[in-house]
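Undergrad: start_7.csv is the file, holding CSV, C-alpha atoms and all ligand atoms:
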chain,number,residue,atom,x,y,z
J,1,MET,CA,61.2,158.9,69.5
J,2,THR,CA,58.6,156.3,68.5
J,3,ILE,CA,59.8,152.8,67.8
J,4,SER,CA,57.6,149.9,66.8
J,5,SER,CA,57.7,146.9,69.1
J,6,PRO,CA,59.6,143.8,67.9
J,7,VAL,CA,57.7,140.6,67.1
J,8,THR,CA,58.4,138.4,70.1
J,9,ASN,CA,57.8,134.7,70.2
J,10,ALA,CA,59.2,134.0,73.7
J,11,PRO,CA,57.7,135.2,77.0
J,12,ALA,CA,59.6,138.1,78.6
J,13,GLY,CA,62.6,136.8,80.5
J,14,ALA,CA,62.8,133.4,78.8
J,15,THR,CA,66.2,132.1,77.8
J,16,ILE,CA,66.8,133.2,74.2
J,17,ILE,CA,70.4,132.1,73.7
J,18,SER,CA,72.1,129.3,75.6
J,19,ALA,CA,75.9,128.6,75.2
J,20,ARG,CA,77.4,125.4,76.6
J,21,ASP,CA,81.1,124.7,76.6
J,22,VAL,CA,81.6,126.6,73.4
J,23,HIS,CA,85.1,126.6,71.9
J,24,LYS,CA,86.4,128.6,68.9
J,25,SER,CA,89.9,128.7,67.5
J,26,TYR,CA,91.5,130.4,64.5
J,27,GLY,CA,94.2,128.8,62.3
J,28,SER,CA,95.5,125.3,62.7
J,29,GLY,CA,98.6,123.3,63.8
J,30,GLN,CA,101.3,125.5,65.2
J,31,ASN,CA,99.3,128.6,64.3
J,32,ARG,CA,96.2,127.5,66.1
J,33,PHE,CA,94.9,130.1,68.5
J,34,ASP,CA,92.1,129.3,71.0
J,35,ALA,CA,90.0,132.5,71.0
J,36,LEU,CA,87.1,131.1,73.0
J,37,LYS,CA,87.5,128.3,75.7
J,38,SER,CA,84.6,126.6,77.3
J,39,ILE,CA,82.1,129.5,77.2
J,40,SER,CA,78.8,128.6,79.0
J,41,PHE,CA,76.1,131.1,79.8
J,42,ASP,CA,72.4,131.9,79.1
J,43,ILE,CA,71.0,135.1,77.7
J,44,ARG,CA,67.4,136.0,78.7
J,45,GLU,CA,65.1,137.9,76.5
J,46,GLY,CA,65.0,141.6,77.4
J,47,GLU,CA,68.3,141.7,79.2
J,48,SER,CA,71.0,144.2,78.5
J,49,ILE,CA,74.5,142.7,78.7
J,50,ALA,CA,77.9,144.3,78.4
J,51,ILE,CA,80.7,142.1,77.2
J,52,ILE,CA,83.9,143.6,78.7
J,53,GLY,CA,87.6,142.7,78.6
J,54,LYS,CA,91.0,143.7,77.2
J,55,SER,CA,91.8,144.0,73.5
J,56,GLY,CA,92.3,140.5,72.0
J,57,SER,CA,90.4,138.7,74.9
J,58,GLY,CA,87.8,137.3,72.5
J,59,LYS,CA,84.8,139.7,72.8
J,60,SER,CA,84.2,140.2,69.0
J,61,THR,CA,84.7,136.4,68.5
J,62,LEU,CA,82.1,135.7,71.1
J,63,MET,CA,79.7,138.2,69.5
J,64,HIS,CA,80.2,136.6,66.1
J,65,VAL,CA,79.5,133.1,67.5
J,66,LEU,CA,76.4,134.3,69.4
J,67,ALA,CA,75.1,136.1,66.3
J,68,LEU,CA,75.5,133.0,64.2
J,69,LEU,CA,78.0,134.7,61.9
J,70,ASP,CA,80.6,132.1,62.8
J,71,ALA,CA,80.1,128.5,64.0
J,72,PRO,CA,81.7,127.2,67.2
J,73,ASP,CA,84.3,124.5,66.8
J,74,SER,CA,82.7,122.5,69.6
J,75,GLY,CA,80.0,122.9,72.2
J,76,ASP,CA,76.3,123.8,71.9
J,77,LEU,CA,74.6,127.0,71.0
J,78,GLU,CA,70.8,127.1,71.2
J,79,LEU,CA,68.5,129.9,69.9
J,80,ASP,CA,65.0,129.6,71.4
J,81,GLY,CA,65.9,126.1,72.5
J,82,VAL,CA,66.8,125.0,68.9
J,83,ASP,CA,70.3,123.6,68.3
J,84,THR,CA,71.9,126.2,65.9
J,85,LYS,CA,73.8,123.4,64.2
J,86,ARG,CA,70.5,122.6,62.6
J,87,LEU,CA,70.4,126.0,61.0
J,88,ARG,CA,72.2,126.1,57.6
J,89,GLY,CA,72.2,128.0,54.4
J,90,ARG,CA,69.1,130.0,53.6
J,91,LYS,CA,67.4,129.0,56.9
J,92,LEU,CA,70.4,130.3,58.8
J,93,ASN,CA,70.4,133.6,56.8
J,94,ARG,CA,66.7,134.1,57.3
J,95,THR,CA,66.8,133.4,61.0
J,96,ARG,CA,69.8,135.7,61.5
J,97,ASN,CA,68.1,138.5,59.5
J,98,LYS,CA,64.8,138.1,61.3
J,99,THR,CA,66.1,137.8,64.8
J,100,PHE,CA,69.2,140.0,65.0
J,101,GLY,CA,70.2,143.6,64.3
J,102,PHE,CA,73.9,144.4,64.0
J,103,VAL,CA,75.7,147.6,65.0
J,104,PHE,CA,79.2,146.4,64.0
J,105,GLN,CA,81.9,148.7,62.8
J,106,GLN,CA,83.0,146.1,60.2
J,107,PHE,CA,79.5,146.2,58.7
J,108,PHE,CA,80.3,149.6,57.0
J,109,LEU,CA,77.8,151.7,55.2
J,110,THR,CA,78.4,151.9,51.5
J,111,GLY,CA,79.4,155.5,51.1
J,112,SER,CA,78.4,155.8,47.5
J,113,ASN,CA,74.9,154.6,48.2
J,114,THR,CA,72.2,156.8,49.8
J,115,VAL,CA,71.3,156.6,53.5
J,116,LEU,CA,68.0,155.0,52.6
J,117,GLU,CA,69.7,152.4,50.3
J,118,ASN,CA,72.0,151.4,53.1
J,119,VAL,CA,69.1,151.1,55.6
J,120,ILE,CA,67.0,148.9,53.4
J,121,LEU,CA,69.7,146.4,52.6
J,122,PRO,CA,68.8,143.8,55.3
J,123,MET,CA,65.2,143.8,54.0
J,124,LYS,CA,66.5,143.2,50.4
J,125,ILE,CA,68.4,140.2,51.7
J,126,ALA,CA,65.3,139.0,53.5
J,127,GLY,CA,63.2,139.3,50.4
J,128,VAL,CA,60.9,142.2,51.4
J,129,GLY,CA,59.2,143.9,48.5
J,130,ARG,CA,60.3,147.3,47.2
J,131,ALA,CA,57.4,149.5,48.5
J,132,GLU,CA,57.5,147.9,51.9
J,133,ARG,CA,61.2,148.3,52.0
J,134,LYS,CA,60.9,152.0,51.4
J,135,ARG,CA,58.1,152.4,53.9
J,136,ARG,CA,59.9,150.6,56.7
J,137,GLY,CA,63.3,152.2,55.8
J,138,MET,CA,61.8,155.7,56.0
J,139,ALA,CA,60.0,154.9,59.3
J,140,ALA,CA,63.3,153.7,60.8
J,141,LEU,CA,65.1,156.9,59.6
J,142,GLU,CA,62.3,159.0,61.1
J,143,GLN,CA,62.8,157.2,64.4
J,144,LEU,CA,66.5,158.1,64.3
J,145,GLU,CA,65.8,161.7,63.2
J,146,LEU,CA,67.5,161.1,59.9
J,147,ALA,CA,64.6,161.3,57.4
J,148,ASP,CA,65.9,164.5,55.9
J,149,LYS,CA,69.2,162.7,55.1
J,150,ALA,CA,67.5,159.7,53.3
J,151,LYS,CA,68.7,160.8,49.8
J,152,ASN,CA,72.2,161.9,50.9
J,153,LYS,CA,75.2,159.7,50.1
J,154,ALA,CA,76.2,158.0,53.3
J,155,VAL,CA,79.8,159.2,52.8
J,156,ASN,CA,78.7,162.7,53.6
J,157,LEU,CA,77.2,162.0,57.0
J,158,SER,CA,78.8,163.0,60.2
J,159,GLY,CA,80.2,160.2,62.5
J,160,GLY,CA,77.1,160.3,64.8
J,161,GLN,CA,74.7,160.3,61.8
J,162,LYS,CA,76.5,157.3,60.3
J,163,GLN,CA,76.2,155.4,63.6
J,164,ARG,CA,72.5,156.3,63.8
J,165,THR,CA,72.1,155.1,60.2
J,166,VAL,CA,73.7,151.8,61.3
J,167,ILE,CA,71.2,151.6,64.1
J,168,ALA,CA,68.3,152.3,61.7
J,169,ARG,CA,69.6,149.5,59.5
J,170,ALA,CA,69.7,147.2,62.6
J,171,LEU,CA,66.1,148.0,63.3
J,172,VAL,CA,64.3,147.6,60.0
J,173,ASN,CA,63.6,143.9,60.5
J,174,ASN,CA,62.2,144.3,64.0
J,175,PRO,CA,65.0,142.3,65.6
J,176,ARG,CA,64.7,140.6,69.0
J,177,ILE,CA,68.4,141.0,69.8
J,178,ILE,CA,70.7,143.9,68.9
J,179,PHE,CA,74.4,143.0,68.8
J,180,ALA,CA,76.6,146.1,69.2
J,181,ASP,CA,80.4,146.0,69.0
J,182,GLU,CA,81.8,149.3,70.4
J,183,PRO,CA,78.8,151.3,69.3
J,184,THR,CA,80.1,154.5,70.8
J,185,GLY,CA,83.8,153.8,70.2
J,186,ASN,CA,84.5,156.4,67.5
J,187,LEU,CA,82.1,159.1,68.7
J,188,ASP,CA,82.5,162.2,70.8
J,189,SER,CA,81.0,161.9,74.2
J,190,ASN,CA,77.8,163.9,73.4
J,191,THR,CA,77.1,161.9,70.2
J,192,GLY,CA,78.0,158.7,72.0
J,193,ALA,CA,75.5,159.5,74.7
J,194,VAL,CA,72.7,160.0,72.1
J,195,VAL,CA,73.5,156.6,70.5
J,196,GLU,CA,73.7,155.0,73.9
J,197,ASP,CA,70.3,156.5,74.8
J,198,ILE,CA,68.7,155.1,71.6
J,199,LEU,CA,70.0,151.6,72.4
J,200,PHE,CA,68.7,151.7,75.9
J,201,THR,CA,65.3,153.0,74.8
J,202,LEU,CA,65.1,150.1,72.5
J,203,ASN,CA,66.0,147.8,75.3
J,204,ARG,CA,63.9,149.2,78.2
J,205,GLU,CA,60.8,150.3,76.4
J,206,HIS,CA,60.6,147.8,73.6
J,207,GLY,CA,62.1,144.7,75.2
J,208,ILE,CA,64.9,144.3,72.6
J,209,THR,CA,67.7,142.2,74.1
J,210,LEU,CA,70.9,144.3,74.0
J,211,ILE,CA,74.3,142.7,73.8
J,212,VAL,CA,77.1,145.2,73.7
J,213,VAL,CA,80.9,145.0,73.6
J,214,THR,CA,82.3,148.1,75.2
J,215,HIS,CA,85.4,149.6,76.8
J,216,ASP,CA,83.3,152.4,78.2
J,217,GLU,CA,82.7,151.8,81.9
J,218,ASP,CA,79.7,154.0,82.1
J,219,LEU,CA,78.0,152.2,79.3
J,220,ALA,CA,78.9,148.9,80.9
J,221,ALA,CA,77.5,150.1,84.2
J,222,ARG,CA,74.1,151.0,82.6
J,223,CYS,CA,73.6,147.4,81.4
J,224,ASP,CA,71.7,144.9,83.6
J,225,ARG,CA,74.7,142.5,83.5
J,226,ARG,CA,78.4,142.6,82.8
J,227,ILE,CA,80.3,139.6,81.5
J,228,HIS,CA,84.1,139.9,81.7
J,229,ILE,CA,86.2,137.9,79.2
J,230,ARG,CA,89.8,137.2,79.7
J,231,ASP,CA,91.9,135.0,77.3
J,232,GLY,CA,88.8,133.5,75.8
J,233,ARG,CA,87.1,132.6,79.1
J,234,ILE,CA,84.3,134.2,81.2
J,235,VAL,CA,86.1,135.2,84.3
J,236,GLU,CA,83.2,137.1,85.9
J,237,ASP,CA,79.5,137.4,85.3
J,238,SER,CA,77.7,140.0,87.4
J,239,SER,CA,74.5,138.1,87.3
J,240,GLU,CA,76.2,135.2,89.2
J,241,VAL,CA,77.7,137.6,91.7
J,242,ALA,CA,74.3,139.1,92.4
J,243,ALA,CA,72.5,135.8,92.6
F,1,LIG,N1,90.7,135.5,61.7
F,1,LIG,C1,91.6,135.4,62.8
F,1,LIG,N2,92.7,134.6,62.6
F,1,LIG,C2,93.6,134.4,63.6
F,1,LIG,N3,93.4,135.0,64.9
F,1,LIG,C3,92.3,135.7,65.0
F,1,LIG,C4,91.4,136.0,64.0
F,1,LIG,N4,90.4,136.8,64.5
F,1,LIG,C5,90.8,137.0,65.8
F,1,LIG,N5,91.9,136.4,66.1
F,1,LIG,C6,92.6,136.4,67.4
F,1,LIG,O1,91.6,136.0,68.4
F,1,LIG,C7,91.8,136.8,69.6
F,1,LIG,C8,90.4,137.4,70.0
F,1,LIG,O2,90.1,138.3,69.0
F,1,LIG,P1,88.8,139.3,69.1
F,1,LIG,O3,88.7,140.0,67.9
F,1,LIG,O4,87.7,138.4,69.5
F,1,LIG,O5,89.2,140.2,70.3
F,1,LIG,P2,88.5,141.4,71.0
F,1,LIG,O6,88.3,141.1,72.5
F,1,LIG,O7,87.3,141.8,70.3
F,1,LIG,O8,89.6,142.6,70.9
F,1,LIG,P3,89.4,144.2,70.6
F,1,LIG,O9,88.9,144.8,71.9
F,1,LIG,O10,90.8,144.6,70.2
F,1,LIG,O11,88.3,144.3,69.5
F,1,LIG,C9,92.9,137.8,69.3
F,1,LIG,O12,94.1,137.3,69.9
F,1,LIG,C10,93.0,137.8,67.8
F,1,LIG,O13,94.3,138.1,67.4
F,2,MG,MG,86.7,143.4,69.0
Go ahead and render the structure in this file as structure tokens.

TA:
Amino acid sequence: MTISSPVTNAPAGATIISARDVHKSYGSGQNRFDALKSISFDIREGESIAIIGKSGSGKSTLMHVLALLDAPDSGDLELDGVDTKRLRGRKLNRTRNKTFGFVFQQFFLTGSNTVLENVILPMKIAGVGRAERKRRGMAALEQLELADKAKNKAVNLSGGQKQRTVIARALVNNPRIIFADEPTGNLDSNTGAVVEDILFTLNREHGITLIVVTHDEDLAARCDRRIHIRDGRIVEDSSEVAA
């Protein structure tokens, strides 16, 4: 597999995301639910981090906040030392698109569109021209060994092929961080291992920071660092245990 290197602005190992006393709740009044409570930690460029914890503990909420898909209610979140409150509207969209790749199950493929059409969508949002979109889309599909499926409707792919298509889509803008929420959750163990290997190749050989929510202990063990969430708080961070 050949994968082009991401465009990196920060030196390896520099802090890329910093969260300080981040709170996030859903609903209001009696229905208010505090999903994240005083979350503080730093993510360094090139790290692989597993976010672990029980169902409902706040893992996906944390991913959404870190990925700037959802704003914290209070606290500070910095990306490359820039206060993310300063990023709004188009600037926020562009930054998110340029910096992050998403492997989320909620970000479904559009079944009636072709595999290639699905993969080039983030570039369309980012305003990349048609010819360049096709070139980069096909290159990403080749990397994931899906070039022969480019014209197939996404609905006709196998589960593992769909997940690889989602990874191809996450790669087209050369992201610095890949956010993956249960990337192997719905896959059989062999296909899951292939997807896992692709993610770690991107991390180890290309320096892409990997932040992955998982219930899979083996996948969590392969990451440099494990952050355990319980009831919206970080209760354990393996980097602090090791330090
Ligand atoms: N839009 C919402 N409105 C109200 N409550 C919500 C909303 N989204 C999430 N929650 C609640 O916030 C808590 C954290 O949810 P979250 O999706 O982050 O959990 P999770 O750790 O990802 O769980 P899972 O492992 O099941 O995916 C849960 O109790 C959930 O019910
Ligand atoms: Mg979740």

Undergrad: Identify which of the residues J:His215, J:Arg204, J:Lys91, J:Lys149 lies closest to ligand MG 2 (chain F), counting only C-alpha atoms and all ligand atoms when measuring atom-to-atom distances.

TA: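 Closest to ligand MG 2 (chain F) of all the choices is J:His215.
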
Undergrad: Which polymer residues have any atom within 7 Å of an atom of segment 71-74 of chain J, counting only C-alpha atoms, with same-chain residues fewer than 3 positions away left out, as a count of residues only?

TA: 5

Undergrad: Within 12 Å of ligand MG 2 (chain F), which residues show up when you count all atoms listed in the file? List them as an mmCIF file with C-alpha atoms, keeping the file's coordinate frame, please.

TA:
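Ended up saving to pocket-v3.cif:
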data_model
loop_
_atom_site.group_PDB
_atom_site.id
_atom_site.type_symbol
_atom_site.label_atom_id
_atom_site.label_comp_id
_atom_site.auth_asym_id
_atom_site.auth_seq_id
_atom_site.Cartn_x
_atom_site.Cartn_y
_atom_site.Cartn_z
ATOM 1 C CA ALA J 35 90.000 132.500 71.000
ATOM 2 C CA ILE J 51 80.700 142.100 77.200
ATOM 3 C CA ILE J 52 83.900 143.600 78.700
ATOM 4 C CA GLY J 53 87.600 142.700 78.600
ATOM 5 C CA LYS J 54 91.000 143.700 77.200
ATOM 6 C CA SER J 55 91.800 144.000 73.500
ATOM 7 C CA GLY J 56 92.300 140.500 72.000
ATOM 8 C CA SER J 57 90.400 138.700 74.900
ATOM 9 C CA GLY J 58 87.800 137.300 72.500
ATOM 10 C CA LYS J 59 84.800 139.700 72.800
ATOM 11 C CA SER J 60 84.200 140.200 69.000
ATOM 12 C CA THR J 61 84.700 136.400 68.500
ATOM 13 C CA LEU J 62 82.100 135.700 71.100
ATOM 14 C CA MET J 63 79.700 138.200 69.500
ATOM 15 C CA HIS J 64 80.200 136.600 66.100
ATOM 16 C CA PHE J 104 79.200 146.400 64.000
ATOM 17 C CA GLN J 105 81.900 148.700 62.800
ATOM 18 C CA GLN J 106 83.000 146.100 60.200
ATOM 19 C CA ALA J 180 76.600 146.100 69.200
ATOM 20 C CA ASP J 181 80.400 146.000 69.000
ATOM 21 C CA GLU J 182 81.800 149.300 70.400
ATOM 22 C CA PRO J 183 78.800 151.300 69.300
ATOM 23 C CA GLY J 185 83.800 153.800 70.200
ATOM 24 C CA VAL J 212 77.100 145.200 73.700
ATOM 25 C CA VAL J 213 80.900 145.000 73.600
ATOM 26 C CA THR J 214 82.300 148.100 75.200
ATOM 27 C CA HIS J 215 85.400 149.600 76.800
ATOM 28 C CA ILE J 229 86.200 137.900 79.200
#

Undergrad: As lines of an AutoDock Vina configuration file, please report the centre and edge lengths, rounded to one decimal in Å, of the axis-aligned box that holds all listed atoms of segment 132-146 of chain J with 4 Å of padding on each of the six sides.

TA:
center_x = 62.5
center_y = 154.8
center_z = 57.9
size_x = 18.0
size_y = 21.8
size_z = 21.0

Undergrad: For ligand LIG 1 (chain F), which of J:Asn97, J:Ser189, J:Gln30, J:Ser158 is the closest residue, counting only C-alpha atoms and all ligand atoms?

TA: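 Residue with the minimum atom-to-atom distance to ligand LIG 1 (chain F): J:Gln30.
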
Undergrad: For a quick check of understanding, using all atoms listed in the file, which of J:Arg130, J:Lys162, J:Glu236, J:Gly89 has the smallest distance to Glu145 of chain J?

TA: J:Lys162

Undergrad: In terms of the shortest atom-to-atom distance over all atoms listed in the file, which of J:Arg94, J:Arg32, J:Arg20, J:Lys37 is closest to ligand LIG 1 (chain F)?

TA: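 Closest candidate: J:Arg32.
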
Undergrad: Check the smallest atom-to-atom distance from each of J:Leu36, J:Val82, J:Ala14, J:Ala147 to ligand LIG 1 (chain F) using only C-alpha atoms and all ligand atoms, then report the winner.

TA: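 Smallest distance to ligand LIG 1 (chain F) is found for J:Leu36.
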
Undergrad: Can segment 174-205 of chain J be brought up to N, CA and C atoms and written out as a PDB file, keeping the file's coordinate frame?

TA:
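Written output follows (selection-v7.pdb):
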ATOM      1  N   ASN J 174      62.795 144.578  62.685  1.00  0.00           N
ATOM      2  CA  ASN J 174      62.200 144.300  64.000  1.00  0.00           C
ATOM      3  C   ASN J 174      62.955 143.238  64.783  1.00  0.00           C
ATOM      4  N   PRO J 175      64.231 143.404  65.038  1.00  0.00           N
ATOM      5  CA  PRO J 175      65.000 142.300  65.600  1.00  0.00           C
ATOM      6  C   PRO J 175      64.616 142.095  67.106  1.00  0.00           C
ATOM      7  N   ARG J 176      64.870 140.888  67.595  1.00  0.00           N
ATOM      8  CA  ARG J 176      64.700 140.600  69.000  1.00  0.00           C
ATOM      9  C   ARG J 176      65.959 140.881  69.800  1.00  0.00           C
ATOM     10  N   ILE J 177      67.082 140.785  69.110  1.00  0.00           N
ATOM     11  CA  ILE J 177      68.400 141.000  69.800  1.00  0.00           C
ATOM     12  C   ILE J 177      69.168 142.025  68.923  1.00  0.00           C
ATOM     13  N   ILE J 178      69.744 143.014  69.581  1.00  0.00           N
ATOM     14  CA  ILE J 178      70.700 143.900  68.900  1.00  0.00           C
ATOM     15  C   ILE J 178      72.090 143.559  69.439  1.00  0.00           C
ATOM     16  N   PHE J 179      73.003 143.232  68.516  1.00  0.00           N
ATOM     17  CA  PHE J 179      74.400 143.000  68.800  1.00  0.00           C
ATOM     18  C   PHE J 179      75.148 144.319  68.465  1.00  0.00           C
ATOM     19  N   ALA J 180      75.829 144.905  69.429  1.00  0.00           N
ATOM     20  CA  ALA J 180      76.600 146.100  69.200  1.00  0.00           C
ATOM     21  C   ALA J 180      78.003 145.978  69.624  1.00  0.00           C
ATOM     22  N   ASP J 181      78.949 146.147  68.692  1.00  0.00           N
ATOM     23  CA  ASP J 181      80.400 146.000  69.000  1.00  0.00           C
ATOM     24  C   ASP J 181      80.968 147.421  69.058  1.00  0.00           C
ATOM     25  N   GLU J 182      81.264 147.918  70.242  1.00  0.00           N
ATOM     26  CA  GLU J 182      81.800 149.300  70.400  1.00  0.00           C
ATOM     27  C   GLU J 182      80.955 150.336  69.711  1.00  0.00           C
ATOM     28  N   PRO J 183      79.659 150.418  70.041  1.00  0.00           N
ATOM     29  CA  PRO J 183      78.800 151.300  69.300  1.00  0.00           C
ATOM     30  C   PRO J 183      79.123 152.801  69.467  1.00  0.00           C
ATOM     31  N   THR J 184      79.815 153.117  70.547  1.00  0.00           N
ATOM     32  CA  THR J 184      80.100 154.500  70.800  1.00  0.00           C
ATOM     33  C   THR J 184      81.638 154.797  70.668  1.00  0.00           C
ATOM     34  N   GLY J 185      82.380 153.755  70.234  1.00  0.00           N
ATOM     35  CA  GLY J 185      83.800 153.800  70.200  1.00  0.00           C
ATOM     36  C   GLY J 185      84.450 155.007  69.497  1.00  0.00           C
ATOM     37  N   ASN J 186      83.881 155.341  68.326  1.00  0.00           N
ATOM     38  CA  ASN J 186      84.500 156.400  67.500  1.00  0.00           C
ATOM     39  C   ASN J 186      83.758 157.737  67.620  1.00  0.00           C
ATOM     40  N   LEU J 187      82.916 157.876  68.636  1.00  0.00           N
ATOM     41  CA  LEU J 187      82.100 159.100  68.700  1.00  0.00           C
ATOM     42  C   LEU J 187      82.540 160.000  69.849  1.00  0.00           C
ATOM     43  N   ASP J 188      82.293 161.295  69.692  1.00  0.00           N
ATOM     44  CA  ASP J 188      82.500 162.200  70.800  1.00  0.00           C
ATOM     45  C   ASP J 188      81.537 161.906  71.908  1.00  0.00           C
ATOM     46  N   SER J 189      81.791 162.396  73.108  1.00  0.00           N
ATOM     47  CA  SER J 189      81.000 161.900  74.200  1.00  0.00           C
ATOM     48  C   SER J 189      79.503 162.328  74.107  1.00  0.00           C
ATOM     49  N   ASN J 190      79.202 163.496  73.530  1.00  0.00           N
ATOM     50  CA  ASN J 190      77.800 163.900  73.400  1.00  0.00           C
ATOM     51  C   ASN J 190      77.071 162.988  72.393  1.00  0.00           C
ATOM     52  N   THR J 191      77.698 162.770  71.239  1.00  0.00           N
ATOM     53  CA  THR J 191      77.100 161.900  70.200  1.00  0.00           C
ATOM     54  C   THR J 191      76.980 160.486  70.724  1.00  0.00           C
ATOM     55  N   GLY J 192      78.024 160.055  71.425  1.00  0.00           N
ATOM     56  CA  GLY J 192      78.000 158.700  72.000  1.00  0.00           C
ATOM     57  C   GLY J 192      76.854 158.549  72.963  1.00  0.00           C
ATOM     58  N   ALA J 193      76.571 159.594  73.745  1.00  0.00           N
ATOM     59  CA  ALA J 193      75.500 159.500  74.700  1.00  0.00           C
ATOM     60  C   ALA J 193      74.121 159.395  73.980  1.00  0.00           C
ATOM     61  N   VAL J 194      73.985 160.078  72.834  1.00  0.00           N
ATOM     62  CA  VAL J 194      72.700 160.000  72.100  1.00  0.00           C
ATOM     63  C   VAL J 194      72.549 158.554  71.551  1.00  0.00           C
ATOM     64  N   VAL J 195      73.609 157.986  70.987  1.00  0.00           N
ATOM     65  CA  VAL J 195      73.500 156.600  70.500  1.00  0.00           C
ATOM     66  C   VAL J 195      73.238 155.635  71.591  1.00  0.00           C
ATOM     67  N   GLU J 196      73.904 155.837  72.724  1.00  0.00           N
ATOM     68  CA  GLU J 196      73.700 155.000  73.900  1.00  0.00           C
ATOM     69  C   GLU J 196      72.214 155.064  74.350  1.00  0.00           C
ATOM     70  N   ASP J 197      71.673 156.276  74.409  1.00  0.00           N
ATOM     71  CA  ASP J 197      70.300 156.500  74.800  1.00  0.00           C
ATOM     72  C   ASP J 197      69.318 155.727  73.884  1.00  0.00           C
ATOM     73  N   ILE J 198      69.607 155.790  72.594  1.00  0.00           N
ATOM     74  CA  ILE J 198      68.700 155.100  71.600  1.00  0.00           C
ATOM     75  C   ILE J 198      68.747 153.607  71.905  1.00  0.00           C
ATOM     76  N   LEU J 199      69.939 153.056  72.124  1.00  0.00           N
ATOM     77  CA  LEU J 199      70.000 151.600  72.400  1.00  0.00           C
ATOM     78  C   LEU J 199      69.284 151.213  73.640  1.00  0.00           C
ATOM     79  N   PHE J 200      69.417 152.023  74.699  1.00  0.00           N
ATOM     80  CA  PHE J 200      68.700 151.700  75.900  1.00  0.00           C
ATOM     81  C   PHE J 200      67.216 151.917  75.865  1.00  0.00           C
ATOM     82  N   THR J 201      66.792 152.869  75.052  1.00  0.00           N
ATOM     83  CA  THR J 201      65.300 153.000  74.800  1.00  0.00           C
ATOM     84  C   THR J 201      64.783 151.793  74.170  1.00  0.00           C
ATOM     85  N   LEU J 202      65.507 151.286  73.172  1.00  0.00           N
ATOM     86  CA  LEU J 202      65.100 150.100  72.500  1.00  0.00           C
ATOM     87  C   LEU J 202      64.981 148.904  73.455  1.00  0.00           C
ATOM     88  N   ASN J 203      65.939 148.841  74.359  1.00  0.00           N
ATOM     89  CA  ASN J 203      66.000 147.800  75.300  1.00  0.00           C
ATOM     90  C   ASN J 203      64.887 147.903  76.398  1.00  0.00           C
ATOM     91  N   ARG J 204      64.834 149.048  77.034  1.00  0.00           N
ATOM     92  CA  ARG J 204      63.900 149.200  78.200  1.00  0.00           C
ATOM     93  C   ARG J 204      62.486 149.332  77.796  1.00  0.00           C
ATOM     94  N   GLU J 205      62.228 150.070  76.707  1.00  0.00           N
ATOM     95  CA  GLU J 205      60.800 150.300  76.400  1.00  0.00           C
ATOM     96  C   GLU J 205      60.270 149.365  75.343  1.00  0.00           C
TER      97      GLU J 205
END
